[in-house]
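*Asks:* Here's a structure for you.
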Protein chains: 2
Amino acid sequence: MRVVFLGTASSVPTTQRGLSSVAVIRGGEIILFDVGEGAQRSMIISNLNPNKVEKVFITHLHGDHCIGLLGLMQTLSMMLREKPLYIYGPRGIVGFLNDNIKHLKFHLTYPLHIQNVKQGVVVREKDYVIKAALAEHSIKAYAYRLDEFERPGVFYPEKALALGVPKGILWSKLQHGECVKIGDKIIRPEQVTGPKRRGRSIGISGDTRPSSKLIEFFRGVDLLIFDSTYGDEYADKAVENFHSTAKEAGIIAKEAGAKLLALTHFSARYDDVNSLIAQASAIHPNVTAAYDSLIIDIPYPD
Amino acid sequence: MRVVFLGTASSVPTTQRGLSSVAVIRGGEIILFDVGEGAQRSMIISNLNPNKVEKVFITHLHGDHCIGLLGLMQTLSMMLREKPLYIYGPRGIVGFLNDNIKHLKFHLTYPLHIQNVKQGVVVREKDYVIKAALAEHSIKAYAYRLDEFERPGVFYPEKALALGVPKGILWSKLQHGECVKIGDKIIRPEQVTGPKRRGRSIGISGDTRPSSKLIEFFRGVDLLIFDSTYGDEYADKAVENFHSTAKEAGIIAKEAGAKLLALTHFSARYDDVNSLIAQASAIHPNVTAAYDSLIIDIPYPD
């Protein structure tokens with residue numbers, strides 16, 4: 001599972017940072033979390049094919065988090081996309097998209113499914129689930145979390161052979177959790193595989209104040225991408241504008257037990273975000289600052 | 001008068017080119033012609049202050065020419081702009097902007113004036129006029145032309161002194177075209193100034209097929225910025241998609257007597273536009289290919 005940051009600025013773009021967007025790449029599909037203005041171009045710069053986007057999750061309907069969706073939708077039509085695009089976001093997203101489709105005469109070449117998000121499970125696929133929780137922002141906003149399901153343990157061919165199971169379809173059955181019969185013996189999967197392996201997980205805060213609810217929501221994620229608009233010196237502005245400081249991001253990450261914290265959504269006043277990294281790192285041992293085109297590969301947990 | 005190209009791609013952005021937008025800078029104001037996605041960031045990269053934008057002219061309501069207006073409008077509110085913003089475009093622009101203001105909760109800090117364009121004079125200021133003419137595109141589209149008014153001729157202080165006019169307010173009056181009285185003598189401006197100087201002019205085609213109407217509309221412009229989506233090899237696509245080839249842009253520029261032709265709105269299939277420059281240059285002697293951040297200063301005519 002790979003994360004590519006497409007835009008890491010808050011509110012207003014800078015020479016170095018575009019507006020909010022994160023791409024998650026897994027199993028051949030791309031899932032976008034927010035699509036700020038310029039995201040489609042960032043995808044091209046990061047060598048990601050926009051047509052591989054299957055699902056889009058919008059945290060909230062502030063322009064800097066969703067305007068890029070319009071250009072992306074138009075581009076997908078120019079690419080003559082045929083497969084459906086699924087878009088999830090807070091109430092209001094249906095009107096926003098449908099009115100623009102009408103005004104800008106998009107002539108979509110593909111089915112568009114737009115769905116209002118509620119808290120809880122938003123999407124459940126074979127391999128993963130994406131959930132939403134309410135964030136604390138100036139308008140209705142959701143944080144999202146992606147969890148891969150547990151996978152079968154490592155398969156040990158030598159154990160299978162020792163138990164008389166020949167290589168072939170029976171191995172595959174055991175690898176996928178089924179019992180097989182050899183003569184009158186039943187061989188169970190746990191006899192030939194290691195313990196089940198935990199899936200990987202990512203949390204994305206969108207724009208938010210820190211909250212105990214989000215600590216619970218992000219419990220144990222491998223990567224937490226959290227609002228870090230300000231440093232300590234603007235803690236008052238963070239409260240006023242319903243954002244978080246780097247330190248507050250660090251506290252949430254620590255309390256939630258997140259393995260890695262990626263700070264993002266930096267105010268344009270920070271040319272250099274080293275002070276923000278330092279403030280978060282004083283709380284949480286594993287902190288990075290996102291920048292446009294940054295790639296983070298999330299390894300399988302031990 | 002300075003022209004800065006903010007985006008020079010057609011339809012879809014590339015690693016090198018953003019979507020259509022041209023900034024004209026004169027007399028302390030910035031006038032934008034089209035605002036494709038990413039234009040506000042291009043302004044920052046080109047060191048142009050978005051708050052200096054006074055007027056915006058949209059050629060047509062395809063997303064790649066107007067979606068960037070949404071982010072720009074939002075940014076101007078974040079800058080706490082108070083002075084009005086004037087936006088001109090084809091019928092439909094009022095609904096497009098007002099619906100987005102509603103859906104995205106812009107809370108504008110400044111008055112917004114949105115006006116449907118008709119052919120003819122759109123804006124007349126003290127120093128210049130901007131006119132519109134219908135282009136030939138798949139939806140209603142306008143081409144625009146900016147003409148500075150004639151300015152007073154060069155003032156010759158030695159002639160004024162020789163006629164007995166002392167330095168001061170009387171010189172200023174003569175420079176601004178008024179007669180002055182010295183004793184019982186009337187001194188006329190033309191006695192102390194050179195011939196009146198022609199203003200400068202720019203034409204912007206937006207997306208269009210070539211047409212005899214546009215040749216008339218762009219007659220004698222100093223700079224013509226013209227749709228050059230394709231080269232000769234895709235002349236059929238130019239017809240099909242209501243665009244122009246570089247050669248057709250050259251023909252319009254030549255027939256209109258444009259001093260300089262700037263090709264723009266290049267299809268993403270052209271990594272290198274040298275062939276397009278060559279095709280237009282075979283027709284018109286003075287051709288350049290726009291690129292993002294290109295600056296063209298338009299000198300006063302002789």
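Every chain in the structure tokens has a letter given in the order shown (A, B, ...), and although residue numbers restart at 1 in each chain, ligands are simply numbered from 1 in the order shown.
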How close does chain B get to chain A? List, as CSV, each residue of chain B within 7 Å, its nearest atom pair and the distance in Å to one decimal, counting only C-alpha atoms.
*Replies:*
residue,atom,partner,partner_atom,distance
B:Val12,CA,A:Thr75,CA,6.2
B:Pro13,CA,A:Arg41,CA,5.8
B:Thr14,CA,A:Arg41,CA,6.4
B:Thr15,CA,A:Ile45,CA,5.3
B:Glu37,CA,A:Gly38,CA,6.4
B:Gly38,CA,A:Gly38,CA,5.5
B:Arg41,CA,A:Pro13,CA,5.8
B:Ile44,CA,A:Thr15,CA,6.3
B:Ile45,CA,A:Thr15,CA,5.3
B:Leu61,CA,A:Leu104,CA,5.7
B:His62,CA,A:Leu104,CA,5.5
B:Gly63,CA,A:Leu104,CA,5.8
B:Asp64,CA,A:Gly71,CA,6.9
B:Gly71,CA,A:Gly63,CA,6.6
B:Thr75,CA,A:Val12,CA,6.2
B:Gly92,CA,A:His103,CA,6.8
B:Phe96,CA,A:His103,CA,5.6
B:Asn100,CA,A:Phe96,CA,6.9
B:His103,CA,A:Phe96,CA,5.6
B:Leu104,CA,A:His62,CA,5.5
*Asks:* Quick one: residues within 6 Å of region 153-169 of chain B, only C-alpha atoms counted, chain neighbours fewer than 3 positions away excluded, as a ChimeraX atom specification?
*Replies:* /B:172,192-197
*Asks:* How would the residues just picked look written out with C-alpha atoms as a CSV table (one decimal), in the first residue's frame?
*Replies:*
chain,number,residue,atom,x,y,z
B,172,SER,CA,0.8,69.8,-17.5
B,192,VAL,CA,4.7,71.9,-28.0
B,193,THR,CA,4.0,68.2,-28.4
B,194,GLY,CA,4.7,65.5,-31.0
B,195,PRO,CA,1.9,63.7,-32.8
B,196,LYS,CA,-0.5,61.7,-30.7
B,197,ARG,CA,0.6,58.2,-29.9
*Asks:* Report the residues of region 54-158 of chain B whose backbone DSSP state falls under strand (DSSP E or B), written as a ChimeraX atom specification.
*Replies:* /B:54-57,85-89,112-116,120-124,128-134,142-148,151,155
*Asks:* Given only C-alpha atoms, how would the per-residue table for region 107-163 of chain A near region 218-221 of chain A read, listing every residue at most 10 Å away with its closest atom pair and distance in Å to one decimal, sorted by chain and number, as CSV?
*Replies:*
residue,atom,partner,partner_atom,distance
A:Ala133,CA,A:Phe218,CA,9.6
A:Ala143,CA,A:Phe218,CA,9.2
A:Tyr144,CA,A:Phe218,CA,8.8
A:Arg145,CA,A:Phe218,CA,7.1
A:Leu146,CA,A:Val221,CA,8.9
A:Asp147,CA,A:Val221,CA,8.3
*Asks:* Select, from A:Leu170, A:Ile215, A:Val35, A:Leu6, the residue with the minimum atom-to-atom distance to Glu255 (chain A), counting only C-alpha atoms.
*Replies:*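 Closest to Glu255 (chain A) of all the choices is A:Ile215.
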*Asks:* May I have the residues within 7 Å of Ala23 (chain B) as a list in words, using only C-alpha atoms and disregarding those fewer than 4 positions away in the same chain?
*Replies:*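 Residues near the query, excluding close chain neighbours: Val3, Val4, Phe5, Leu6, Ile30, Ile31, Leu32 and Phe33 of chain B.
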*Asks:* Tell me which protein, DNA and RNA residues are within 8 Å of Glu136 (chain A), counting only C-alpha atoms, leaving out same-chain ones fewer than 2 positions away, and put them as a list in words.
*Replies:*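 The neighbour list is Leu134, Ser138, Lys140, Ala141, Asp207, Thr208, Arg209, Pro210, Ser211 and Phe242 of chain A.
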*Asks:* Next, write the just-selected residues to a file, as a compact mmCIF listing (two decimals), in the first residue's frame, keeping N, CA and C atoms as the atom set.
*Replies:*
# COMPACT_ATOMS: atom_id res chain seq x y z
N LEU A 134 -16.93 11.78 12.44
CA LEU A 134 -17.06 13.24 12.37
C LEU A 134 -15.81 13.91 12.94
N SER A 138 -15.21 23.89 10.94
CA SER A 138 -16.20 24.97 10.90
C SER A 138 -17.45 24.56 10.11
N LYS A 140 -19.48 20.78 8.45
CA LYS A 140 -19.48 19.32 8.64
C LYS A 140 -18.30 18.71 7.89
N ALA A 141 -17.51 17.94 8.61
CA ALA A 141 -16.30 17.37 8.03
C ALA A 141 -16.08 15.97 8.60
N ASP A 207 -9.55 18.49 7.77
CA ASP A 207 -9.38 19.69 8.61
C ASP A 207 -10.12 19.47 9.92
N THR A 208 -9.41 19.61 11.02
CA THR A 208 -10.08 19.34 12.30
C THR A 208 -9.31 19.87 13.50
N ARG A 209 -10.03 20.15 14.57
CA ARG A 209 -9.44 20.28 15.89
C ARG A 209 -9.13 18.86 16.38
N PRO A 210 -8.19 18.73 17.30
CA PRO A 210 -7.97 17.41 17.90
C PRO A 210 -9.18 17.05 18.76
N SER A 211 -9.45 15.76 18.90
CA SER A 211 -10.59 15.35 19.75
C SER A 211 -10.36 13.94 20.25
N PHE A 242 -10.56 26.22 13.60
CA PHE A 242 -10.89 24.78 13.65
C PHE A 242 -9.84 23.92 12.93
*Asks:* Pick out the residues sitting within 12 Å of Leu224 (chain B), and hand them over as a ChimeraX atom specification; count only C-alpha atoms, and ignore anything fewer than 5 positions along from it in its own chain.
*Replies:* /B:3,143-146,200-206,214-215,217-219,249-264,284,286-290,296,298
*Asks:* Apply DSSP to the structure's backbone, then extract all residues of region 19-131 of chain B labelled alpha helix (DSSP H) and return them as a PyMOL selection string.
*Replies:* chain B and resi 39-45+63-66+68-78+93-103
*Asks:* Output C-alpha atoms of each residue in that selection to a file, as an mmCIF file, in the first residue's frame.
*Replies:*
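Result written to out.cif:
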data_model
loop_
_atom_site.group_PDB
_atom_site.id
_atom_site.type_symbol
_atom_site.label_atom_id
_atom_site.label_comp_id
_atom_site.auth_asym_id
_atom_site.auth_seq_id
_atom_site.Cartn_x
_atom_site.Cartn_y
_atom_site.Cartn_z
ATOM 1 C CA ALA B 39 -4.251 29.754 -12.463
ATOM 2 C CA GLN B 40 -4.058 31.172 -8.938
ATOM 3 C CA ARG B 41 -0.986 29.073 -8.243
ATOM 4 C CA SER B 42 0.568 30.149 -11.551
ATOM 5 C CA MET B 43 0.047 33.767 -10.462
ATOM 6 C CA ILE B 44 1.969 33.102 -7.271
ATOM 7 C CA ILE B 45 4.734 31.347 -9.218
ATOM 8 C CA GLY B 63 -14.273 23.714 -17.187
ATOM 9 C CA ASP B 64 -10.680 24.022 -18.343
ATOM 10 C CA HIS B 65 -11.233 27.748 -18.920
ATOM 11 C CA CYS B 66 -13.128 28.726 -15.781
ATOM 12 C CA GLY B 68 -9.753 28.143 -11.508
ATOM 13 C CA LEU B 69 -12.017 31.120 -10.895
ATOM 14 C CA LEU B 70 -13.549 29.275 -7.927
ATOM 15 C CA GLY B 71 -10.267 28.881 -6.073
ATOM 16 C CA LEU B 72 -9.243 32.433 -6.945
ATOM 17 C CA MET B 73 -12.500 33.831 -5.570
ATOM 18 C CA GLN B 74 -12.002 31.894 -2.353
ATOM 19 C CA THR B 75 -8.381 33.016 -2.014
ATOM 20 C CA LEU B 76 -9.381 36.667 -2.438
ATOM 21 C CA SER B 77 -11.714 36.279 0.541
ATOM 22 C CA MET B 78 -8.905 34.759 2.576
ATOM 23 C CA ILE B 93 -21.642 32.299 -15.745
ATOM 24 C CA VAL B 94 -23.952 33.838 -13.162
ATOM 25 C CA GLY B 95 -25.489 30.479 -12.302
ATOM 26 C CA PHE B 96 -22.137 28.695 -12.339
ATOM 27 C CA LEU B 97 -20.575 31.137 -9.891
ATOM 28 C CA ASN B 98 -23.572 31.693 -7.643
ATOM 29 C CA ASP B 99 -24.258 27.980 -7.261
ATOM 30 C CA ASN B 100 -20.657 27.335 -6.266
ATOM 31 C CA ILE B 101 -20.653 30.268 -3.845
ATOM 32 C CA LYS B 102 -23.654 28.594 -2.231
ATOM 33 C CA HIS B 103 -22.398 25.002 -2.229
#
*Asks:* Suppose you want the space between CA of Leu276 (chain B) and CA of Asn241 (chain B); what is it in Å?
*Replies:*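 Taking CA of Leu276 (chain B) and CA of Asn241 (chain B), their separation equals 17.8 Å.
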*Asks:* If we count only C-alpha atoms and set the cut-off at 6 Å, which residues sit around Phe57 (chain A), ignoring sequence neighbours fewer than 6 positions away in its own chain? Please answer as a ChimeraX atom specification.
*Replies:* /A:33-34,88-89
*Asks:* Out of B:Val56, B:Leu223, B:Ala235, B:Ala278, which residue has the shortest atom-to-atom distance to Tyr300 (chain B) when counting only C-alpha atoms?
*Replies:*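 The answer is B:Leu223, which sits nearest to Tyr300 (chain B).
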*Asks:* Which polymer residues have any atom within 8 Å of an atom of Ala246 (chain A), counting only C-alpha atoms, with same-chain residues fewer than 2 positions away left out, as number ranges by chain?
*Replies:* A: 227-232, 244, 248-250, 263, 276-277, 279-280
*Asks:* Go ahead and save the picked residues with C-alpha atoms, as a PDB file, in the first residue's frame.
*Replies:*
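Printed below is result_32.pdb as written:
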ATOM      1  CA  ASP A 227      -4.033  18.469  10.051  1.00  0.00           C
ATOM      2  CA  SER A 228      -0.957  20.446  11.088  1.00  0.00           C
ATOM      3  CA  THR A 229      -1.861  23.891   9.847  1.00  0.00           C
ATOM      4  CA  TYR A 230      -0.006  25.803  12.552  1.00  0.00           C
ATOM      5  CA  GLY A 231       2.873  25.714  15.002  1.00  0.00           C
ATOM      6  CA  ASP A 232       2.614  26.438  18.731  1.00  0.00           C
ATOM      7  CA  SER A 244      -4.715  21.676  14.699  1.00  0.00           C
ATOM      8  CA  GLU A 248      -1.746  18.575  18.788  1.00  0.00           C
ATOM      9  CA  ALA A 249      -1.239  16.239  15.812  1.00  0.00           C
ATOM     10  CA  GLY A 250       1.605  14.650  17.783  1.00  0.00           C
ATOM     11  CA  LEU A 263       1.984  16.273   9.157  1.00  0.00           C
ATOM     12  CA  LEU A 276       6.500  21.965  13.142  1.00  0.00           C
ATOM     13  CA  ILE A 277       8.296  18.640  12.838  1.00  0.00           C
ATOM     14  CA  GLN A 279       7.052  20.332  17.928  1.00  0.00           C
ATOM     15  CA  ALA A 280       5.309  17.094  16.915  1.00  0.00           C
TER      16      ALA A 280
END
*Asks:* Suppose you want the space between CA of Val129 (chain A) and CA of Pro299 (chain A); what is it in Å?
*Replies:*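 Straight-line distance from CA of Val129 (chain A) to CA of Pro299 (chain A) works out to 18.0 Å.
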